[in-house]
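K.L.:
Input target_21.json, format and content: JSON, C-alpha atoms.
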[["chain", "number", "residue", "atom", "x", "y", "z"],
["A", 10, "MET", "CA", 0.00, 0.00, 0.00],
["A", 11, "LEU", "CA", 1.40, 3.37, -1.05],
["A", 12, "ASP", "CA", 0.44, 6.92, -0.19],
["A", 13, "ALA", "CA", -1.05, 8.41, -3.36],
["A", 14, "SER", "CA", 0.62, 11.75, -2.64],
["A", 15, "LYS", "CA", 4.06, 10.08, -2.52],
["A", 16, "ALA", "CA", 3.37, 7.20, -4.87],
["A", 17, "VAL", "CA", 6.20, 7.58, -7.36],
["A", 18, "THR", "CA", 8.92, 7.85, -4.71],
["A", 19, "GLN", "CA", 7.52, 5.07, -2.52],
["A", 20, "ARG", "CA", 7.06, 2.69, -5.47],
["A", 21, "ARG", "CA", 10.63, 3.30, -6.65],
["A", 22, "LEU", "CA", 12.08, 2.72, -3.17],
["A", 23, "LEU", "CA", 9.97, -0.40, -2.60],
["A", 24, "THR", "CA", 10.93, -1.92, -5.94],
["A", 25, "ALA", "CA", 14.62, -1.15, -5.39],
["A", 26, "GLU", "CA", 14.71, -2.64, -1.88],
["A", 27, "LEU", "CA", 13.00, -5.83, -2.99],
["A", 28, "ALA", "CA", 15.31, -6.10, -6.00],
["A", 29, "LYS", "CA", 18.29, -6.10, -3.60],
["A", 30, "MET", "CA", 16.74, -9.18, -1.98],
["A", 31, "ARG", "CA", 16.38, -10.77, -5.44],
["A", 32, "ILE", "CA", 12.61, -10.32, -5.58],
["A", 33, "ARG", "CA", 11.25, -9.23, -8.96],
["A", 34, "LEU", "CA", 7.76, -7.77, -9.11],
["A", 35, "ASN", "CA", 5.26, -8.45, -11.92],
["A", 36, "ARG", "CA", 7.85, -10.11, -14.12],
["A", 37, "PRO", "CA", 7.85, -13.67, -15.43],
["A", 38, "PRO", "CA", 10.99, -15.76, -14.88],
["A", 39, "PRO", "CA", 13.39, -15.55, -17.84],
["A", 40, "ASP", "CA", 13.27, -18.53, -20.16],
["A", 41, "ILE", "CA", 16.98, -19.34, -20.01],
["A", 42, "THR", "CA", 18.49, -22.80, -19.75],
["A", 43, "ILE", "CA", 22.12, -23.29, -18.74],
["A", 44, "THR", "CA", 23.58, -26.78, -19.05],
["A", 45, "LYS", "CA", 27.09, -27.15, -17.70],
["A", 46, "ARG", "CA", 29.54, -29.38, -19.55],
["A", 47, "LYS", "CA", 33.08, -30.60, -18.90],
["A", 48, "THR", "CA", 34.61, -29.36, -22.15],
["A", 49, "GLY", "CA", 33.80, -27.45, -25.32],
["A", 50, "GLY", "CA", 33.60, -23.87, -24.07],
["A", 51, "VAL", "CA", 30.39, -21.84, -24.10],
["A", 52, "ARG", "CA", 27.81, -22.47, -26.81],
["A", 53, "PHE", "CA", 25.05, -19.87, -27.10],
["A", 54, "ASN", "CA", 21.69, -20.06, -28.86],
["A", 55, "ALA", "CA", 18.91, -17.47, -28.74],
["A", 56, "THR", "CA", 15.51, -18.12, -30.30],
["A", 57, "ASN", "CA", 14.26, -14.60, -29.46],
["A", 58, "ALA", "CA", 15.73, -11.95, -31.74],
["A", 59, "LYS", "CA", 15.00, -9.18, -29.20],
["A", 60, "THR", "CA", 17.18, -10.61, -26.45],
["A", 61, "GLU", "CA", 19.76, -8.17, -25.11],
["A", 62, "ILE", "CA", 22.51, -10.74, -24.52],
["A", 63, "ASP", "CA", 24.83, -12.41, -27.01],
["A", 64, "LEU", "CA", 27.60, -14.97, -26.94],
["A", 65, "GLU", "CA", 30.38, -12.63, -25.81],
["A", 66, "THR", "CA", 28.27, -11.08, -23.05],
["A", 67, "THR", "CA", 27.16, -14.51, -21.89],
["A", 68, "LYS", "CA", 30.75, -15.81, -21.80],
["A", 69, "ALA", "CA", 31.89, -12.77, -19.79],
["A", 70, "VAL", "CA", 29.12, -13.20, -17.21],
["A", 71, "LEU", "CA", 29.64, -16.96, -16.91],
["A", 72, "GLN", "CA", 33.37, -16.50, -16.37],
["A", 73, "THR", "CA", 32.70, -14.37, -13.29],
["A", 74, "TYR", "CA", 30.98, -17.45, -11.85],
["A", 75, "LYS", "CA", 33.85, -19.72, -12.98],
["A", 76, "ILE", "CA", 31.70, -21.39, -15.61],
["A", 77, "PHE", "CA", 33.78, -21.98, -18.73],
["A", 78, "ASN", "CA", 31.92, -24.82, -20.44],
["A", 79, "ALA", "CA", 28.15, -24.68, -20.89],
["A", 80, "ASP", "CA", 25.27, -24.72, -23.36],
["A", 81, "VAL", "CA", 23.09, -21.60, -22.98],
["A", 82, "LEU", "CA", 19.64, -21.49, -24.56],
["A", 83, "VAL", "CA", 17.67, -18.22, -24.40],
["A", 84, "ARG", "CA", 14.00, -18.32, -25.39],
["A", 85, "SER", "CA", 12.90, -14.92, -24.03],
["A", 86, "ASP", "CA", 13.76, -11.24, -24.34],
["A", 87, "ALA", "CA", 16.46, -11.55, -21.68],
["A", 88, "SER", "CA", 18.82, -9.03, -20.11],
["A", 89, "VAL", "CA", 22.16, -9.44, -18.36],
["A", 90, "GLU", "CA", 20.26, -9.24, -15.06],
["A", 91, "ASP", "CA", 18.06, -12.14, -16.20],
["A", 92, "LEU", "CA", 21.15, -14.18, -17.04],
["A", 93, "ILE", "CA", 22.65, -13.52, -13.60],
["A", 94, "ASP", "CA", 19.35, -14.42, -11.92],
["A", 95, "THR", "CA", 19.32, -17.73, -13.79],
["A", 96, "ILE", "CA", 22.90, -18.54, -12.81],
["A", 97, "GLU", "CA", 22.37, -17.76, -9.13],
["A", 98, "GLY", "CA", 19.01, -19.53, -9.07],
["A", 99, "ASN", "CA", 17.66, -17.81, -5.96],
["A", 100, "THR", "CA", 15.52, -15.07, -7.48],
["A", 101, "ARG", "CA", 11.78, -14.99, -6.80],
["A", 102, "TYR", "CA", 9.28, -13.62, -9.29],
["A", 103, "ILE", "CA", 6.06, -12.65, -7.57],
["A", 104, "PRO", "CA", 2.89, -10.78, -8.55],
["A", 105, "CYS", "CA", 2.35, -7.39, -6.96],
["A", 106, "LEU", "CA", -0.69, -5.16, -6.66],
["A", 107, "TYR", "CA", 0.19, -1.52, -6.01],
["A", 108, "MET", "CA", -2.61, 0.05, -3.99],
["A", 109, "TYR", "CA", -2.54, 3.84, -3.83],
["A", 110, "ASN", "CA", -4.37, 4.91, -0.69],
["A", 111, "LYS", "CA", -5.66, 8.42, 0.06],
["A", 112, "ALA", "CA", -6.65, 8.83, -3.58],
["A", 113, "ASP", "CA", -9.11, 11.51, -2.45],
["A", 114, "THR", "CA", -6.16, 13.78, -1.56],
["A", 115, "VAL", "CA", -4.70, 13.99, -5.08],
["A", 116, "SER", "CA", -5.98, 15.34, -8.37],
["A", 117, "MET", "CA", -8.11, 13.38, -10.82],
["A", 118, "ALA", "CA", -5.22, 13.58, -13.28],
["A", 119, "ALA", "CA", -3.01, 11.75, -10.79],
["A", 120, "VAL", "CA", -5.69, 9.11, -10.17],
["A", 121, "GLU", "CA", -6.06, 8.57, -13.91],
["A", 122, "ALA", "CA", -2.27, 8.26, -14.27],
["A", 123, "PHE", "CA", -2.17, 5.59, -11.55],
["A", 124, "SER", "CA", -5.11, 3.76, -13.11],
["A", 125, "GLU", "CA", -3.28, 3.44, -16.44],
["A", 126, "GLY", "CA", -1.36, 0.60, -14.83],
["A", 127, "PHE", "CA", -4.54, -1.38, -14.04],
["A", 128, "PRO", "CA", -4.79, -4.23, -13.04],
["A", 129, "THR", "CA", -1.41, -4.02, -11.24],
["A", 130, "HIS", "CA", -2.19, -0.48, -10.00],
["A", 131, "VAL", "CA", -5.42, 0.45, -8.23],
["A", 132, "CYS", "CA", -6.55, 3.54, -6.31],
["A", 133, "ALA", "CA", -8.57, 3.69, -3.11],
["A", 134, "ALA", "CA", -9.45, 5.90, -0.17],
["A", 135, "THR", "CA", -9.91, 3.61, 2.81],
["A", 136, "SER", "CA", -11.15, 6.36, 5.12],
["A", 137, "GLU", "CA", -13.95, 7.09, 2.65],
["A", 138, "GLY", "CA", -14.59, 3.46, 1.72],
["A", 139, "MET", "CA", -13.81, 4.30, -1.91],
["A", 140, "GLY", "CA", -12.44, 1.66, -4.28],
["A", 141, "LEU", "CA", -12.25, -1.14, -1.71],
["A", 142, "GLU", "CA", -14.36, -3.58, -3.73],
["A", 143, "LEU", "CA", -12.12, -3.05, -6.75],
["A", 144, "VAL", "CA", -9.03, -3.64, -4.58],
["A", 145, "GLN", "CA", -10.52, -6.90, -3.32],
["A", 146, "GLU", "CA", -11.31, -8.16, -6.81],
["A", 147, "CYS", "CA", -7.83, -7.25, -8.03],
["A", 148, "MET", "CA", -6.27, -9.07, -5.08],
["A", 149, "TRP", "CA", -8.21, -12.24, -5.88],
["A", 150, "ALA", "CA", -7.14, -12.07, -9.52],
["A", 151, "LYS", "CA", -3.50, -11.22, -8.74],
["A", 152, "LEU", "CA", -3.09, -13.91, -6.09],
["A", 153, "ASN", "CA", -4.62, -16.44, -8.48],
["A", 154, "LEU", "CA", -7.14, -17.60, -5.87],
["A", 155, "CYS", "CA", -10.71, -18.80, -6.15],
["A", 156, "ARG", "CA", -13.57, -19.07, -3.66],
["A", 157, "LEU", "CA", -15.48, -22.33, -3.53],
["A", 158, "TYR", "CA", -18.63, -22.95, -1.51],
["A", 159, "THR", "CA", -19.91, -26.26, -0.18],
["A", 160, "ARG", "CA", -23.49, -27.44, -0.06],
["A", 161, "LYS", "CA", -25.07, -30.25, 1.95],
["A", 162, "PRO", "CA", -27.90, -32.29, 0.36],
["A", 163, "GLY", "CA", -31.25, -30.56, 0.81],
["A", 164, "GLN", "CA", -29.68, -27.36, 2.17],
["A", 165, "GLU", "CA", -28.67, -23.97, 0.79],
["A", 166, "PRO", "CA", -24.99, -23.32, 0.02],
["A", 167, "ASP", "CA", -22.87, -21.98, 2.85],
["A", 168, "PHE", "CA", -21.79, -18.65, 1.36],
["A", 169, "GLY", "CA", -20.42, -17.49, 4.70],
["A", 170, "ASP", "CA", -17.54, -19.97, 4.76],
["A", 171, "ALA", "CA", -15.62, -20.25, 1.50],
["A", 172, "ILE", "CA", -12.87, -22.75, 0.77],
["A", 173, "ILE", "CA", -9.94, -20.80, -0.65],
["A", 174, "MET", "CA", -7.97, -22.62, -3.35],
["A", 175, "ARG", "CA", -5.55, -21.79, -6.13],
["A", 176, "ARG", "CA", -7.10, -21.33, -9.56],
["A", 177, "GLY", "CA", -7.04, -24.60, -11.43],
["A", 178, "ALA", "CA", -8.03, -26.58, -8.34],
["A", 179, "THR", "CA", -9.93, -29.80, -9.00],
["A", 180, "VAL", "CA", -12.68, -31.58, -7.10],
["A", 181, "LYS", "CA", -9.98, -33.90, -5.74],
["A", 182, "ASP", "CA", -8.06, -30.91, -4.35],
["A", 183, "VAL", "CA", -11.20, -29.77, -2.52],
["A", 184, "CYS", "CA", -11.73, -33.25, -1.08],
["A", 185, "LEU", "CA", -8.17, -33.33, 0.21],
["A", 186, "GLN", "CA", -8.58, -29.85, 1.67],
["A", 187, "ILE", "CA", -11.62, -30.99, 3.66],
["A", 188, "HIS", "CA", -10.26, -34.41, 4.75],
["A", 189, "LYS", "CA", -7.78, -36.79, 3.15],
["A", 190, "ASP", "CA", -10.10, -39.80, 3.60],
["A", 191, "ILE", "CA", -12.86, -38.28, 1.45],
["A", 192, "VAL", "CA", -11.11, -39.22, -1.81],
["A", 193, "ASP", "CA", -11.32, -42.92, -0.96],
["A", 194, "ARG", "CA", -15.07, -42.65, -0.32],
["A", 195, "PHE", "CA", -15.80, -40.29, -3.24],
["A", 196, "LYS", "CA", -18.71, -41.24, -5.51],
["A", 197, "PHE", "CA", -19.38, -38.04, -7.48],
["A", 198, "ALA", "CA", -19.72, -34.28, -7.01],
["A", 199, "THR", "CA", -22.55, -32.00, -8.04],
["A", 200, "VAL", "CA", -21.43, -28.53, -9.13],
["A", 201, "TRP", "CA", -23.19, -25.22, -9.77],
["A", 202, "GLY", "CA", -21.27, -22.37, -11.35],
["A", 203, "ARG", "CA", -19.14, -21.28, -14.28],
["A", 204, "SER", "CA", -17.11, -24.48, -14.54],
["A", 205, "VAL", "CA", -20.08, -26.59, -15.64],
["A", 206, "LYS", "CA", -22.33, -26.50, -18.70],
["A", 207, "HIS", "CA", -25.53, -26.62, -16.67],
["A", 208, "ALA", "CA", -26.56, -26.26, -13.02],
["A", 209, "ALA", "CA", -26.27, -29.30, -10.77],
["A", 210, "GLN", "CA", -23.97, -31.12, -13.17],
["A", 211, "ARG", "CA", -22.34, -34.31, -11.90],
["A", 212, "VAL", "CA", -18.56, -34.38, -12.20],
["A", 213, "GLY", "CA", -15.61, -36.51, -11.14],
["A", 214, "LEU", "CA", -12.43, -35.91, -9.17],
["A", 215, "SER", "CA", -10.52, -34.42, -12.12],
["A", 216, "HIS", "CA", -13.06, -31.67, -12.82],
["A", 217, "VAL", "CA", -11.47, -28.20, -12.67],
["A", 218, "LEU", "CA", -13.46, -25.69, -10.62],
["A", 219, "GLU", "CA", -13.81, -21.93, -11.10],
["A", 220, "ASP", "CA", -14.23, -18.97, -8.76],
["A", 221, "GLU", "CA", -17.45, -19.01, -6.72],
["A", 222, "ASP", "CA", -18.50, -22.50, -7.79],
["A", 223, "VAL", "CA", -20.77, -24.40, -5.41],
["A", 224, "ILE", "CA", -19.89, -28.04, -4.82],
["A", 225, "GLN", "CA", -21.83, -30.86, -3.17],
["A", 226, "LEU", "CA", -20.00, -34.12, -2.48],
["A", 227, "THR", "CA", -21.67, -37.52, -2.58],
["A", 228, "LEU", "CA", -19.70, -40.24, -0.79],
["A", 229, "GLU", "CA", -19.87, -43.99, -0.52],
["A", 230, "ARG", "CA", -21.21, -45.16, 2.81]]
Since I need it in another form, could you write the structure as structure tokens?

P.N.:
Amino acid sequence: MLDASKAVTQRRLLTAELAKMRIRLNRPPPDITITKRKTGGVRFNATNAKTEIDLETTKAVLQTYKIFNADVLVRSDASVEDLIDTIEGNTRYIPCLYMYNKADTVSMAAVEAFSEGFPTHVCAATSEGMGLELVQECMWAKLNLCRLYTRKPGQEPDFGDAIIMRRGATVKDVCLQIHKDIVDRFKFATVWGRSVKHAAQRVGLSHVLEDEDVIQLTLER
């Protein structure tokens, strides 16, 4: 969370401090493969014409890590920093949502400038309750989470107690989240929501669920 009136400075400082700890924000890992060999020197191949590194640069960087024989394959638009990150192997690439609070204290032009970075940038004014729903939705999307609701036979879904799972979760994942023994007794699941073609569709353990699906489990006795 950043102060909208100091957003540019705070964002720069935050990004720089995290970079020192080898944390990259809103960037995918570079697609670089380094295979060490015993002999033959450094062989370099880049399938992306926009990549910033070449054979000589790669050899110079590898030598600083005492790597003199290796096959290097670059499939992305990579920089020297990306190459170093790949060699060291301890860099984390994580999603980040910049929330600019106190948006009611800055001009509309500033708010619009922040919003150009949507969905990684979002404005709010917590004291006024402004923009909080949008922040929540962006957080769900950025964290790659989904809310799943359970239903008992003959009862309404329990919307007050969601099961939080990663997107791409299956019925089996939900069963294991509830209790590991459920999988062995599983018969079928009935699902309502966006993941099925029609309401109350019967599915198996491998069915992939979507956000806000309702699931009812039927087990063997």

K.L.:
Applying 9 Å and only C-alpha atoms, which residues near region 102-119 of chain A remain after dropping the ones on its own chain fewer than 3 positions away? List them as an MDAnalysis selection string.

P.N.:
chainID A and resid 10:14 16 20 31:38 122:124 128:137 139 144 147:148 151:152

K.L.:
Show me, as an MDAnalysis selection string, the residues that have an atom within 9 Å of region 209-211 of chain A when counting only C-alpha atoms, minus same-chain residues fewer than 3 positions from it.

P.N.:
chainID A and resid 197:202 205:206 224:225

K.L.:
Would you work out the distance separating CA of Glu65 (chain A) from CA of Leu82 (chain A), expressed in Å to one decimal?

P.N.:
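According to the coordinates, CA of Glu65 (chain A) and CA of Leu82 (chain A) are separated by 14.0 Å.
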
K.L.:
May I ask which of the residues A:Thr227, A:Gln164, A:Gln19, A:Thr48 is the closest one to Asp193 (chain A), counting all atoms listed in the file?

P.N.:
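Between A:Thr227, A:Gln164, A:Gln19, A:Thr48, the residue approaching Asp193 (chain A) most closely is A:Thr227.
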
K.L.:
For CA of Lys196 (chain A) and CA of Val217 (chain A), quote the distance in Å rounded to one decimal.

P.N.:
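For CA of Lys196 (chain A) relative to CA of Val217 (chain A), the distance reads 16.5 Å.
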
K.L.:
If we count only C-alpha atoms, what is near Arg52 (chain A) at a cut-off of 8 Å, once residues fewer than 3 positions away on the same chain are taken out, given as a ChimeraX atom specification?

P.N.:
/A:49,64,78-81

K.L.:
In Å, how far is it from CA of Arg175 (chain A) to CA of Leu154 (chain A)?

P.N.:
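So the answer is 4.5 Å.
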